[in-house]
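Text of protein36.txt, listed as compact mmCIF, C-alpha atoms:
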# COMPACT_ATOMS: atom_id res chain seq x y z
CA MET A 234 -6.74 6.32 19.33
CA ALA A 235 -5.04 8.09 16.44
CA LYS A 236 -1.26 8.26 16.43
CA ARG A 237 0.37 11.66 16.50
CA VAL A 238 3.46 12.56 14.46
CA ALA A 239 5.47 15.71 15.21
CA ILE A 240 7.98 16.82 12.58
CA ILE A 241 10.58 19.59 12.72
CA ALA A 242 11.75 20.87 9.34
CA SER A 243 14.86 22.94 9.94
CA ASN A 244 16.71 22.57 6.65
CA GLY A 245 16.11 23.79 3.14
CA GLY A 246 16.74 22.24 -0.23
CA LEU A 247 14.60 19.96 -2.33
CA GLU A 248 15.87 16.89 -0.47
CA THR A 249 14.55 18.09 2.86
CA ALA A 250 11.24 19.17 1.35
CA TYR A 251 10.63 15.63 0.10
CA LYS A 252 11.75 13.96 3.31
CA VAL A 253 9.38 16.11 5.33
CA LEU A 254 6.38 16.02 3.01
CA ASN A 255 6.57 12.30 2.18
CA ILE A 256 6.53 11.33 5.83
CA ALA A 257 3.83 13.89 6.60
CA THR A 258 1.44 12.89 3.82
CA ALA A 259 1.98 9.16 4.38
CA ALA A 260 1.33 9.58 8.09
CA ALA A 261 -1.81 11.62 7.44
CA ALA A 262 -3.06 8.93 5.03
CA THR A 263 -2.54 6.40 7.81
CA ASP A 264 -4.98 8.36 9.98
CA ALA A 265 -2.26 9.99 12.08
CA GLU A 266 -2.49 13.54 13.37
CA VAL A 267 0.49 15.35 11.87
CA GLY A 268 2.11 18.67 12.78
CA ILE A 269 5.19 20.24 11.16
CA PHE A 270 7.23 23.03 12.70
CA PHE A 271 9.15 24.94 10.00
CA THR A 272 12.16 26.82 11.25
CA PHE A 273 15.27 28.47 9.75
CA GLU A 274 15.97 27.16 6.23
CA GLY A 275 12.96 24.85 6.57
CA LEU A 276 10.75 27.91 6.07
CA SER A 277 11.62 27.83 2.37
CA ILE A 278 9.44 24.70 1.99
CA ILE A 279 6.25 26.67 2.70
CA HIS A 280 7.37 29.96 1.12
CA LYS A 281 5.24 31.14 -1.80
CA GLN A 282 8.41 31.14 -3.91
CA SER A 283 9.41 27.67 -2.76
CA GLU A 284 9.80 26.34 -6.28
CA ALA A 285 12.58 28.86 -6.96
CA MET A 286 14.11 28.45 -3.51
CA LEU A 287 14.22 24.64 -3.27
CA LYS A 288 17.11 23.24 -5.26
CA LEU A 289 18.96 19.96 -5.13
CA ARG A 290 22.34 20.22 -3.50
CA PRO A 291 25.05 20.41 -6.21
CA GLU A 292 26.34 16.94 -5.32
CA ASN A 293 22.80 15.60 -5.79
CA ALA A 294 22.17 17.32 -9.13
CA HIS A 295 22.22 13.94 -10.88
CA PHE A 296 19.04 12.99 -8.97
CA ALA A 297 17.04 15.35 -11.17
CA GLU A 298 16.64 12.74 -13.86
CA GLY A 299 15.61 10.12 -11.32
CA PHE A 300 12.94 12.42 -9.89
CA GLN A 301 11.46 12.69 -13.36
CA ARG A 302 11.73 9.00 -14.11
CA ALA A 303 10.07 8.00 -10.82
CA ASN A 304 7.23 10.44 -11.53
CA VAL A 305 7.63 12.02 -8.11
CA PRO A 306 4.92 14.55 -7.27
CA THR A 307 6.02 18.18 -7.09
CA VAL A 308 6.55 19.87 -3.74
CA SER A 309 3.50 22.04 -4.33
CA GLU A 310 1.37 18.96 -5.03
CA LEU A 311 2.56 17.37 -1.80
CA LEU A 312 1.88 20.59 0.13
CA GLU A 313 -1.63 20.65 -1.24
CA ILE A 314 -2.20 17.01 -0.25
CA ALA A 315 -0.78 17.72 3.21
CA ILE A 316 -3.10 20.69 3.76
CA ASP A 317 -6.10 18.81 2.36
CA SER A 318 -5.45 15.91 4.70
CA GLY A 319 -5.29 18.12 7.75
CA VAL A 320 -1.55 18.34 8.40
CA LYS A 321 -0.94 21.26 10.75
CA MET A 322 1.83 23.56 9.53
CA LEU A 323 3.42 25.98 11.92
CA ALA A 324 6.07 28.52 10.88
CA CYS A 325 8.46 29.48 13.65
CA GLN A 326 7.64 33.05 14.70
CA MET A 327 11.18 33.84 15.78
CA THR A 328 12.86 32.81 12.50
CA VAL A 329 10.10 34.44 10.45
CA ASP A 330 10.92 37.69 12.28
CA VAL A 331 14.68 37.24 11.98
CA MET A 332 14.35 36.76 8.23
CA GLY A 333 12.14 39.82 7.91
CA LEU A 334 9.23 37.77 6.56
CA THR A 335 5.51 37.93 7.30
CA LYS A 336 2.66 35.41 7.18
CA GLU A 337 1.84 36.71 3.70
CA ASP A 338 5.13 35.36 2.36
CA PHE A 339 3.89 31.83 2.99
CA ILE A 340 1.31 29.61 1.34
CA ASP A 341 -2.28 29.62 2.61
CA GLY A 342 -3.17 27.22 5.35
CA ILE A 343 -0.14 27.70 7.57
CA GLU A 344 0.08 29.35 10.94
CA VAL A 345 2.87 31.31 12.54
CA GLY A 346 3.58 30.50 16.15
CA GLY A 347 6.12 30.08 18.89
CA ALA A 348 8.05 27.07 20.07
CA VAL A 349 5.58 26.37 22.84
CA ALA A 350 2.72 26.10 20.36
CA PHE A 351 4.61 23.30 18.62
CA LEU A 352 5.76 21.70 21.86
CA ASP A 353 2.19 21.65 23.08
CA PHE A 354 1.43 19.41 20.08
CA ALA A 355 4.70 17.46 20.32
CA TYR A 356 4.46 16.58 24.02
CA ASP A 357 1.73 14.09 23.20
CA ALA A 358 3.32 12.79 19.99
CA ASP A 359 3.94 9.09 19.42
CA VAL A 360 6.61 9.80 16.84
CA SER A 361 8.84 12.85 16.49
CA VAL A 362 11.31 13.38 13.67
CA THR A 363 13.62 16.20 12.70
CA PHE A 364 14.87 16.97 9.23
CA MET B 271 -19.28 -18.48 -7.48
CA THR B 272 -15.54 -17.84 -7.24
CA GLN B 273 -15.72 -14.71 -9.35
CA GLN B 274 -13.59 -12.01 -7.77
CA LEU B 275 -15.75 -9.05 -6.95
CA VAL B 276 -14.12 -5.65 -6.86
CA ASP B 277 -16.24 -2.65 -5.97
CA LEU B 278 -13.78 0.08 -6.89
CA THR B 279 -10.47 0.10 -8.77
CA ILE B 280 -7.98 2.95 -8.58
CA ASP B 281 -5.04 3.36 -10.91
CA CYS B 282 -1.78 4.36 -9.23
CA LYS B 283 0.43 3.03 -12.01
CA GLY B 284 3.54 5.15 -12.52
CA LEU B 285 3.12 6.94 -9.21
CA SER B 286 5.80 6.88 -6.56
CA CYS B 287 5.57 6.95 -2.78
CA PRO B 288 3.57 8.38 -1.04
CA MET B 289 0.95 8.74 -3.79
CA PRO B 290 -0.37 5.14 -3.84
CA ILE B 291 -1.07 5.38 -0.11
CA VAL B 292 -2.55 8.86 -0.37
CA LYS B 293 -4.90 7.74 -3.14
CA THR B 294 -5.79 4.49 -1.37
CA LYS B 295 -6.79 6.46 1.71
CA LYS B 296 -9.10 8.66 -0.39
CA ALA B 297 -10.58 5.69 -2.23
CA ILE B 298 -11.37 3.58 0.84
CA ASP B 299 -13.65 6.37 2.01
CA GLN B 300 -15.64 5.99 -1.22
CA VAL B 301 -16.58 2.34 -0.72
CA SER B 302 -18.96 0.91 1.85
CA PRO B 303 -17.91 -1.37 4.71
CA GLY B 304 -17.46 -4.89 3.38
CA GLN B 305 -16.63 -3.72 -0.14
CA VAL B 306 -13.35 -4.47 -1.86
CA LEU B 307 -10.94 -1.86 -3.23
CA GLU B 308 -8.42 -2.78 -5.92
CA VAL B 309 -5.27 -0.66 -6.14
CA LEU B 310 -3.15 -0.95 -9.29
CA ALA B 311 0.43 0.21 -8.74
CA THR B 312 3.88 -0.16 -10.25
CA ASP B 313 5.79 1.17 -7.24
CA PRO B 314 7.50 -1.87 -5.66
CA GLY B 315 7.38 -0.05 -2.31
CA SER B 316 3.60 -0.23 -2.45
CA VAL B 317 3.71 -3.97 -1.71
CA ALA B 318 4.81 -3.46 1.89
CA ASP B 319 3.23 -0.02 2.25
CA ILE B 320 -0.32 -1.00 1.35
CA LYS B 321 -0.24 -3.96 3.70
CA SER B 322 1.07 -1.86 6.60
CA TRP B 323 -1.37 0.90 5.80
CA ALA B 324 -4.32 -1.51 5.95
CA THR B 325 -3.17 -3.02 9.23
CA ARG B 326 -2.62 0.41 10.72
CA THR B 327 -5.96 1.84 9.63
CA GLY B 328 -7.89 -1.28 10.61
CA HIS B 329 -8.91 -2.32 7.11
CA GLN B 330 -8.48 -5.86 5.89
CA PHE B 331 -5.56 -6.50 3.57
CA ILE B 332 -6.72 -9.40 1.39
CA GLY B 333 -3.64 -9.87 -0.76
CA THR B 334 -1.49 -8.78 -3.67
CA THR B 335 -1.11 -10.34 -7.10
CA LYS B 336 1.30 -9.34 -9.85
CA ASP B 337 0.38 -8.97 -13.50
CA GLY B 338 3.52 -8.12 -15.48
CA ASP B 339 4.88 -4.93 -13.92
CA VAL B 340 1.61 -4.11 -12.19
CA PHE B 341 0.84 -5.00 -8.60
CA LYS B 342 -2.82 -5.49 -7.78
CA HIS B 343 -3.54 -4.90 -4.12
CA TYR B 344 -6.90 -5.87 -2.61
CA ILE B 345 -8.27 -4.26 0.52
CA ARG B 346 -11.64 -4.81 2.12
CA ARG B 347 -13.10 -1.91 4.04
CA THR B 348 -13.97 -3.15 7.50
CA ASP B 349 -17.24 -2.63 9.22
CA PRO B 350 -16.56 -1.13 12.65
CA ASN B 351 -19.13 -3.57 14.08
CA GLU B 352 -17.42 -6.56 12.56
CA VAL B 353 -14.43 -6.51 14.89
CA LYS B 354 -16.64 -7.05 17.91
CA PRO B 355 -18.21 -10.45 17.36
CA GLU B 356 -21.12 -11.05 19.65
CA GLY B 357 -21.00 -14.82 19.40
CA ARG B 358 -24.69 -15.51 19.73
CA HIS B 359 -24.35 -19.00 18.29
CA GLY B 360 -23.20 -21.03 21.25
CA ASP B 361 -21.74 -24.05 19.49
CA VAL B 362 -18.18 -23.14 18.55
CA ILE B 363 -15.01 -24.97 17.56
CA SER B 364 -11.48 -23.59 17.66
CA ASN B 365 -9.17 -23.32 14.66
CA GLU B 366 -6.94 -25.98 16.24
CA GLU B 367 -9.79 -28.43 16.82
CA LEU B 368 -11.00 -28.03 13.25
CA HIS B 369 -7.48 -28.50 11.95
CA GLY B 370 -7.31 -31.78 13.86
CA LEU B 371 -10.43 -33.00 12.00
CA LEU B 372 -9.20 -32.18 8.48
CA THR B 373 -8.13 -35.76 7.72
CA GLN B 374 -11.76 -36.82 8.17
CA ASN B 375 -12.96 -34.46 5.41
CA PRO B 376 -15.29 -32.36 7.53
CA VAL B 377 -17.94 -30.17 5.93
CA ILE B 378 -16.63 -26.58 5.99
CA LEU B 379 -18.56 -23.59 4.69
CA ASP B 380 -16.51 -20.44 4.12
CA VAL B 381 -18.91 -17.50 4.21
CA ARG B 382 -16.42 -14.77 3.27
CA GLU B 383 -16.41 -12.94 -0.06
CA PRO B 384 -14.99 -14.72 -3.15
CA MET B 385 -11.92 -12.46 -3.18
CA GLU B 386 -11.01 -13.40 0.38
CA TYR B 387 -11.64 -17.09 -0.30
CA ASN B 388 -9.51 -17.11 -3.45
CA PHE B 389 -6.46 -15.71 -1.66
CA GLY B 390 -6.49 -18.62 0.76
CA HIS B 391 -9.00 -20.97 2.38
CA ILE B 392 -9.01 -24.16 4.41
CA PRO B 393 -8.45 -27.13 2.07
CA GLY B 394 -11.82 -28.57 1.12
CA ALA B 395 -13.84 -25.56 2.33
CA LYS B 396 -16.86 -24.68 0.19
CA LEU B 397 -17.45 -21.01 -0.63
CA VAL B 398 -20.89 -19.64 0.20
CA PRO B 399 -20.68 -15.87 0.78
CA LEU B 400 -22.91 -14.82 3.66
CA GLY B 401 -25.02 -12.69 1.33
CA GLN B 402 -25.87 -15.75 -0.78
CA LEU B 403 -26.42 -18.22 2.04
CA GLU B 404 -30.22 -18.03 2.07
CA GLU B 405 -30.51 -18.77 -1.66
CA GLU B 406 -28.08 -21.68 -1.30
CA LEU B 407 -29.95 -23.32 1.57
CA GLU B 408 -31.70 -25.88 -0.61
CA SER B 409 -28.49 -26.98 -2.26
CA LEU B 410 -26.99 -27.47 1.21
CA ARG B 411 -29.97 -29.47 2.44
CA SER B 412 -28.22 -32.79 1.82
CA LEU B 413 -25.69 -31.80 4.48
CA SER B 414 -28.26 -31.07 7.18
CA ASP B 415 -27.52 -34.27 9.13
CA GLN B 416 -23.78 -33.66 9.16
CA VAL B 417 -21.70 -31.37 11.32
CA ILE B 418 -21.23 -28.16 9.35
CA HIS B 419 -18.26 -26.00 10.29
CA VAL B 420 -18.79 -22.38 9.34
CA VAL B 421 -15.81 -20.06 9.00
CA CYS B 422 -15.18 -16.42 8.09
CA ARG B 423 -12.36 -14.03 8.93
CA SER B 424 -13.12 -13.07 12.52
CA GLY B 425 -16.00 -15.33 13.59
CA ASN B 426 -18.66 -12.67 13.17
CA ARG B 427 -20.11 -13.31 9.72
CA SER B 428 -19.91 -17.04 10.46
CA ASP B 429 -21.86 -16.46 13.67
CA THR B 430 -24.66 -14.88 11.63
CA ALA B 431 -24.46 -17.76 9.14
CA CYS B 432 -24.74 -20.32 11.97
CA GLN B 433 -27.89 -18.62 13.20
CA ILE B 434 -29.42 -18.64 9.70
CA LEU B 435 -28.60 -22.32 9.26
CA SER B 436 -29.99 -23.22 12.69
CA GLU B 437 -33.22 -21.40 11.95
CA HIS B 438 -33.59 -23.46 8.78
CA GLY B 439 -33.28 -26.85 10.37
CA PHE B 440 -29.55 -27.42 10.23
CA LYS B 441 -29.04 -28.86 13.69
CA ARG B 442 -25.32 -29.56 13.85
CA VAL B 443 -23.70 -26.23 13.04
CA LYS B 444 -20.46 -25.07 14.59
CA ASN B 445 -18.89 -21.63 14.36
CA VAL B 446 -15.12 -21.72 13.82
CA VAL B 447 -13.44 -19.20 16.11
CA PRO B 448 -11.57 -17.01 15.63
CA GLY B 449 -11.48 -18.01 11.95
CA MET B 450 -9.22 -17.22 9.04
CA SER B 451 -7.63 -14.11 10.58
CA ASP B 452 -5.77 -16.48 12.88
CA TRP B 453 -5.52 -19.60 10.72
CA THR B 454 -1.87 -20.65 10.85
CA PHE B 455 -2.25 -24.01 9.11
CA GLU B 456 -2.22 -24.96 5.46
CA LEU B 457 -4.19 -22.93 2.94
CA GLU B 458 -5.51 -23.70 -0.50
CA GLN B 459 -5.66 -20.98 -3.14
CA SER B 460 -8.02 -20.64 -6.06
CA PRO B 461 -6.52 -19.54 -9.35
CA SER B 462 -7.53 -15.96 -10.06

Whole structure given in structure tokens:
Amino acid sequence: MAKRVAIIASNGGLETAYKVLNIATAAAATDAEVGIFFTFEGLSIIHKQSEAMLKLRPENAHFAEGFQRANVPTVSELLEIAIDSGVKMLACQMTVDVMGLTKEDFIDGIEVGGAVAFLDFAYDADVSVTF
Amino acid sequence: MTQQLVDLTIDCKGLSCPMPIVKTKKAIDQVSPGQVLEVLATDPGSVADIKSWATRTGHQFIGTTKDGDVFKHYIRRTDPNEVKPEGRHGDVISNEELHGLLTQNPVILDVREPMEYNFGHIPGAKLVPLGQLEEELESLRSLSDQVIHVVCRSGNRSDTACQILSEHGFKRVKNVVPGMSDWTFELEQSPS
């Protein structure tokens, strides 16, 4: 029986994007069923302009060199891997509306839905994490 | 005979987490059950990650070696049928019983693949991969009066080997159960 991992991404910034996508892609590679609920600032991770929106926090600016040295994949590469490996991505309908966004503002392969749609997935999760 | 056979090698050198795992997952789907995947990586995190990944996904983690800065991880894709040994060869011996006999230099045939054997086998065990058993029968003929202990990882390949040996006149053949997956005693390694 496959394990199920439910992730809530509620913060922005490059740091959060990596935390969320590393866990998600590693879990998917380990044959887990993975769902991510993007809400509030977390929506920037799946925004079409995510590259411009996701920055390191000023106090973490010195990580930039380390990211390069460690040959870390880009956020868009990780998103592509996540979608290819079947990670379900759900954008929170309420925050999408509050921010005046539409489904077209986000990358292909995501869905927009309510809290219950995510909970329906999360109720049966073996692991749930929030970033 | 002890040549290490690798069916597919993937290069994850220079890649950081989670890429070695992501690429390993893709690659394992490209080899057939029983085949061995070699993953080259420089990420030190891959040492624990690849092992956990294999355990979690049900594939066999054979071992890791280090060559300079490069880790070489070996994983054998499992055959879904292999984890359910049928045990058709009735004459079996437990790991513990066989261990108790080691001082008497028993005849032990290890029918796993060379890669698995090289990473650790029972001291004194002779490697005869299951796929080569039939062509080796004549060279084993001199042992046909002795008790032959046949071992693999889970007791399944060795069960098949016991049946082949019995059909060819080897009368005193014992299957070692469960086999190397649960062997907690001393191991001998072959230089790679």

Closest-contact table, range 278-332 of chain A side, partner range 293-308 of chain B, 12 Å, counting all atoms listed in the file, as JSON lines:
{"residue": "A:Ile314", "atom": "CA", "partner": "B:Lys293", "partner_atom": "CA", "distance": 10.1}
{"residue": "A:Asp317", "atom": "CA", "partner": "B:Lys296", "partner_atom": "CA", "distance": 10.9}
{"residue": "A:Ser318", "atom": "CA", "partner": "B:Lys296", "partner_atom": "CA", "distance": 9.6}

At most 12 Å is the cut-off: for each residue in chain A with any atom that close to an atom of chain B, write down the nearest atom pair and the distance in Å rounded to one decimal, counting only C-alpha atoms, chain first then increasing number, as a tab-separated table.
residue	atom	partner	partner_atom	distance
A:Met234	CA	B:Thr327	CA	10.7
A:Ala235	CA	B:Thr327	CA	9.3
A:Lys236	CA	B:Arg326	CA	9.8
A:Tyr251	CA	B:Pro288	CA	10.2
A:Lys252	CA	B:Pro288	CA	10.8
A:Val253	CA	B:Pro288	CA	11.6
A:Leu254	CA	B:Pro288	CA	9.1
A:Asn255	CA	B:Pro288	CA	5.9
A:Ile256	CA	B:Pro288	CA	8.0
A:Ala257	CA	B:Pro288	CA	9.4
A:Thr258	CA	B:Pro288	CA	7.0
A:Ala259	CA	B:Pro288	CA	5.7
A:Ala260	CA	B:Val292	CA	9.3
A:Ala261	CA	B:Val292	CA	8.3
A:Ala262	CA	B:Val292	CA	5.4
A:Thr263	CA	B:Trp323	CA	6.0
A:Asp264	CA	B:Thr327	CA	6.6
A:Ala265	CA	B:Thr327	CA	9.3
A:Gly299	CA	B:Ser286	CA	11.4
A:Phe300	CA	B:Ser286	CA	9.6
A:Gln301	CA	B:Ser286	CA	10.6
A:Arg302	CA	B:Gly284	CA	9.2
A:Ala303	CA	B:Ser286	CA	6.1
A:Asn304	CA	B:Leu285	CA	5.9
A:Val305	CA	B:Ser286	CA	5.7
A:Pro306	CA	B:Ser286	CA	7.8
A:Thr307	CA	B:Met289	CA	11.2
A:Glu310	CA	B:Met289	CA	10.3
A:Leu311	CA	B:Met289	CA	9.0
A:Glu313	CA	B:Val292	CA	11.9
A:Ile314	CA	B:Val292	CA	8.2
A:Ala315	CA	B:Val292	CA	9.7
A:Asp317	CA	B:Val292	CA	10.9
A:Ser318	CA	B:Val292	CA	9.2

So the first atom is CA of Asp380 in chain B and the second is CA of Val421 in chain B; what is the distance between them in Å, to one decimal place?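 Between these atoms lies a distance of 4.9 Å.
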
Find the residues near range 344-349 of chain A: any atom within 12 Å, counting all atoms listed in the file, skip ones fewer than 3 places away on the same chain, and give them as a PyMOL selection string. chain A and resi 241+268-272+276+279+316+320-330+334-341+352-356

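Counting only C-alpha atoms, Asp452 in chain B has the following residues at most 9 Å away, ignoring those fewer than 4 positions along the same chain: B:Asn365, B:Arg423, B:Ser424, B:Val447, B:Pro448.
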
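Nearest residue to Thr373 in chain B, choosing from B:Gly360, B:Gly439, B:Glu386, B:Gly394 and counting all atoms listed in the file: B:Gly394.
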
Find the residues near Asn375 in chain B: any atom within 10 Å, counting all atoms listed in the file, skip ones fewer than 2 places away on the same chain, and give them as number ranges by chain. B: 371-373, 377-378, 393-395

Write out, as a CSV table (one decimal), keeping the file's coordinate frame, the residues just selected, with C-alpha atoms.
chain,number,residue,atom,x,y,z
B,371,LEU,CA,-10.4,-33.0,12.0
B,372,LEU,CA,-9.2,-32.2,8.5
B,373,THR,CA,-8.1,-35.8,7.7
B,377,VAL,CA,-17.9,-30.2,5.9
B,378,ILE,CA,-16.6,-26.6,6.0
B,393,PRO,CA,-8.4,-27.1,2.1
B,394,GLY,CA,-11.8,-28.6,1.1
B,395,ALA,CA,-13.8,-25.6,2.3

What does the structure give for the distance between CA of Glu437 in chain B and CA of Val420 in chain B, in Å to one decimal?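 If I compute the distance from CA of Glu437 in chain B to CA of Val420 in chain B, I get 14.7 Å.
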
CA of Thr430 in chain B to CA of Leu400 in chain B measures 8.2 Å

Tell me which of B:Ser460, B:Ser409, B:Val340, B:Ile363 sits closest to Asp429 in chain B, counting all atoms listed in the file.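 Smallest separation from Asp429 in chain B among the options: B:Ile363.
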
Do a neighbour search on Glu284 in chain A at 12 Å with all atoms listed in the file, toss out local chain neighbours closer than 4 positions, and write the hits as a list in words.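 After dropping sequence-adjacent residues, the list is Gly245, Gly246, Leu247, Ala250, Ser277, Ile278, Ile279, His280, Lys288, Leu289, Thr307, Val308, Ser309, Glu310, Leu312 and Ile340 of chain A.
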
One residue among B:Leu413, B:Gly425, B:Gly333, B:Ala318 is nearest to Arg382 in chain B when using all atoms listed in the file, and that residue is B:Gly425

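Distance check against Gln416 in chain B using all atoms listed in the file: of B:His329, B:Lys441, B:Arg346, B:Lys396, the minimum falls on B:Lys441.
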
Will you model all heavy atoms for range 269-277 of chain A and pass it back as a PDB file, in the coordinates of the input?
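As written to disk, out-v6.pdb reads:
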ATOM      1  N   ILE A 269       3.812  19.936  11.587  1.00  0.00           N
ATOM      2  CA  ILE A 269       5.190  20.240  11.160  1.00  0.00           C
ATOM      3  C   ILE A 269       5.545  21.634  11.641  1.00  0.00           C
ATOM      4  O   ILE A 269       4.775  22.579  11.450  1.00  0.00           O
ATOM      5  CB  ILE A 269       5.355  20.195   9.622  1.00  0.00           C
ATOM      6  CG1 ILE A 269       4.707  18.945   9.018  1.00  0.00           C
ATOM      7  CG2 ILE A 269       6.842  20.256   9.245  1.00  0.00           C
ATOM      8  CD1 ILE A 269       4.707  18.947   7.486  1.00  0.00           C
ATOM      9  N   PHE A 270       6.714  21.747  12.258  1.00  0.00           N
ATOM     10  CA  PHE A 270       7.230  23.030  12.700  1.00  0.00           C
ATOM     11  C   PHE A 270       8.349  23.413  11.740  1.00  0.00           C
ATOM     12  O   PHE A 270       9.366  22.720  11.649  1.00  0.00           O
ATOM     13  CB  PHE A 270       7.761  22.877  14.129  1.00  0.00           C
ATOM     14  CG  PHE A 270       8.148  24.164  14.800  1.00  0.00           C
ATOM     15  CD1 PHE A 270       7.217  25.184  14.982  1.00  0.00           C
ATOM     16  CD2 PHE A 270       9.437  24.348  15.306  1.00  0.00           C
ATOM     17  CE1 PHE A 270       7.560  26.359  15.631  1.00  0.00           C
ATOM     18  CE2 PHE A 270       9.786  25.525  15.961  1.00  0.00           C
ATOM     19  CZ  PHE A 270       8.843  26.534  16.126  1.00  0.00           C
ATOM     20  N   PHE A 271       8.158  24.493  10.983  1.00  0.00           N
ATOM     21  CA  PHE A 271       9.150  24.940  10.000  1.00  0.00           C
ATOM     22  C   PHE A 271      10.000  26.032  10.627  1.00  0.00           C
ATOM     23  O   PHE A 271       9.464  27.040  11.086  1.00  0.00           O
ATOM     24  CB  PHE A 271       8.464  25.476   8.745  1.00  0.00           C
ATOM     25  CG  PHE A 271       7.692  24.428   7.988  1.00  0.00           C
ATOM     26  CD1 PHE A 271       6.348  24.199   8.272  1.00  0.00           C
ATOM     27  CD2 PHE A 271       8.293  23.662   6.992  1.00  0.00           C
ATOM     28  CE1 PHE A 271       5.621  23.232   7.573  1.00  0.00           C
ATOM     29  CE2 PHE A 271       7.581  22.701   6.292  1.00  0.00           C
ATOM     30  CZ  PHE A 271       6.239  22.479   6.583  1.00  0.00           C
ATOM     31  N   THR A 272      11.291  25.821  10.625  1.00  0.00           N
ATOM     32  CA  THR A 272      12.160  26.820  11.250  1.00  0.00           C
ATOM     33  C   THR A 272      13.440  26.987  10.418  1.00  0.00           C
ATOM     34  O   THR A 272      13.813  26.076   9.669  1.00  0.00           O
ATOM     35  CB  THR A 272      12.449  26.422  12.718  1.00  0.00           C
ATOM     36  OG1 THR A 272      13.201  27.437  13.348  1.00  0.00           O
ATOM     37  CG2 THR A 272      13.171  25.096  12.813  1.00  0.00           C
ATOM     38  N   PHE A 273      14.081  28.139  10.546  1.00  0.00           N
ATOM     39  CA  PHE A 273      15.270  28.470   9.750  1.00  0.00           C
ATOM     40  C   PHE A 273      15.065  28.094   8.278  1.00  0.00           C
ATOM     41  O   PHE A 273      14.022  28.400   7.708  1.00  0.00           O
ATOM     42  CB  PHE A 273      16.540  27.843  10.387  1.00  0.00           C
ATOM     43  CG  PHE A 273      16.975  28.619  11.609  1.00  0.00           C
ATOM     44  CD1 PHE A 273      16.507  28.284  12.885  1.00  0.00           C
ATOM     45  CD2 PHE A 273      17.810  29.740  11.480  1.00  0.00           C
ATOM     46  CE1 PHE A 273      16.869  29.025  13.995  1.00  0.00           C
ATOM     47  CE2 PHE A 273      18.188  30.487  12.606  1.00  0.00           C
ATOM     48  CZ  PHE A 273      17.713  30.125  13.852  1.00  0.00           C
ATOM     49  N   GLU A 274      16.054  27.423   7.670  1.00  0.00           N
ATOM     50  CA  GLU A 274      15.970  27.160   6.230  1.00  0.00           C
ATOM     51  C   GLU A 274      14.719  26.341   5.858  1.00  0.00           C
ATOM     52  O   GLU A 274      14.286  26.354   4.704  1.00  0.00           O
ATOM     53  CB  GLU A 274      17.219  26.431   5.721  1.00  0.00           C
ATOM     54  CG  GLU A 274      18.460  27.314   5.628  1.00  0.00           C
ATOM     55  CD  GLU A 274      19.250  27.372   6.930  1.00  0.00           C
ATOM     56  OE1 GLU A 274      18.691  27.014   7.997  1.00  0.00           O
ATOM     57  OE2 GLU A 274      20.421  27.778   6.886  1.00  0.00           O
ATOM     58  N   GLY A 275      14.172  25.627   6.825  1.00  0.00           N
ATOM     59  CA  GLY A 275      12.960  24.850   6.570  1.00  0.00           C
ATOM     60  C   GLY A 275      11.790  25.703   6.125  1.00  0.00           C
ATOM     61  O   GLY A 275      10.859  25.224   5.466  1.00  0.00           O
ATOM     62  N   LEU A 276      11.832  27.007   6.469  1.00  0.00           N
ATOM     63  CA  LEU A 276      10.750  27.910   6.070  1.00  0.00           C
ATOM     64  C   LEU A 276      10.609  28.001   4.547  1.00  0.00           C
ATOM     65  O   LEU A 276       9.524  28.294   4.036  1.00  0.00           O
ATOM     66  CB  LEU A 276      10.999  29.316   6.644  1.00  0.00           C
ATOM     67  CG  LEU A 276      10.750  29.481   8.149  1.00  0.00           C
ATOM     68  CD1 LEU A 276      11.214  30.861   8.597  1.00  0.00           C
ATOM     69  CD2 LEU A 276       9.269  29.287   8.474  1.00  0.00           C
ATOM     70  N   SER A 277      11.696  27.718   3.835  1.00  0.00           N
ATOM     71  CA  SER A 277      11.620  27.830   2.370  1.00  0.00           C
ATOM     72  C   SER A 277      10.620  26.829   1.781  1.00  0.00           C
ATOM     73  O   SER A 277      10.100  27.032   0.681  1.00  0.00           O
ATOM     74  CB  SER A 277      13.002  27.655   1.745  1.00  0.00           C
ATOM     75  OG  SER A 277      13.540  26.404   2.123  1.00  0.00           O
TER      76      SER A 277
END
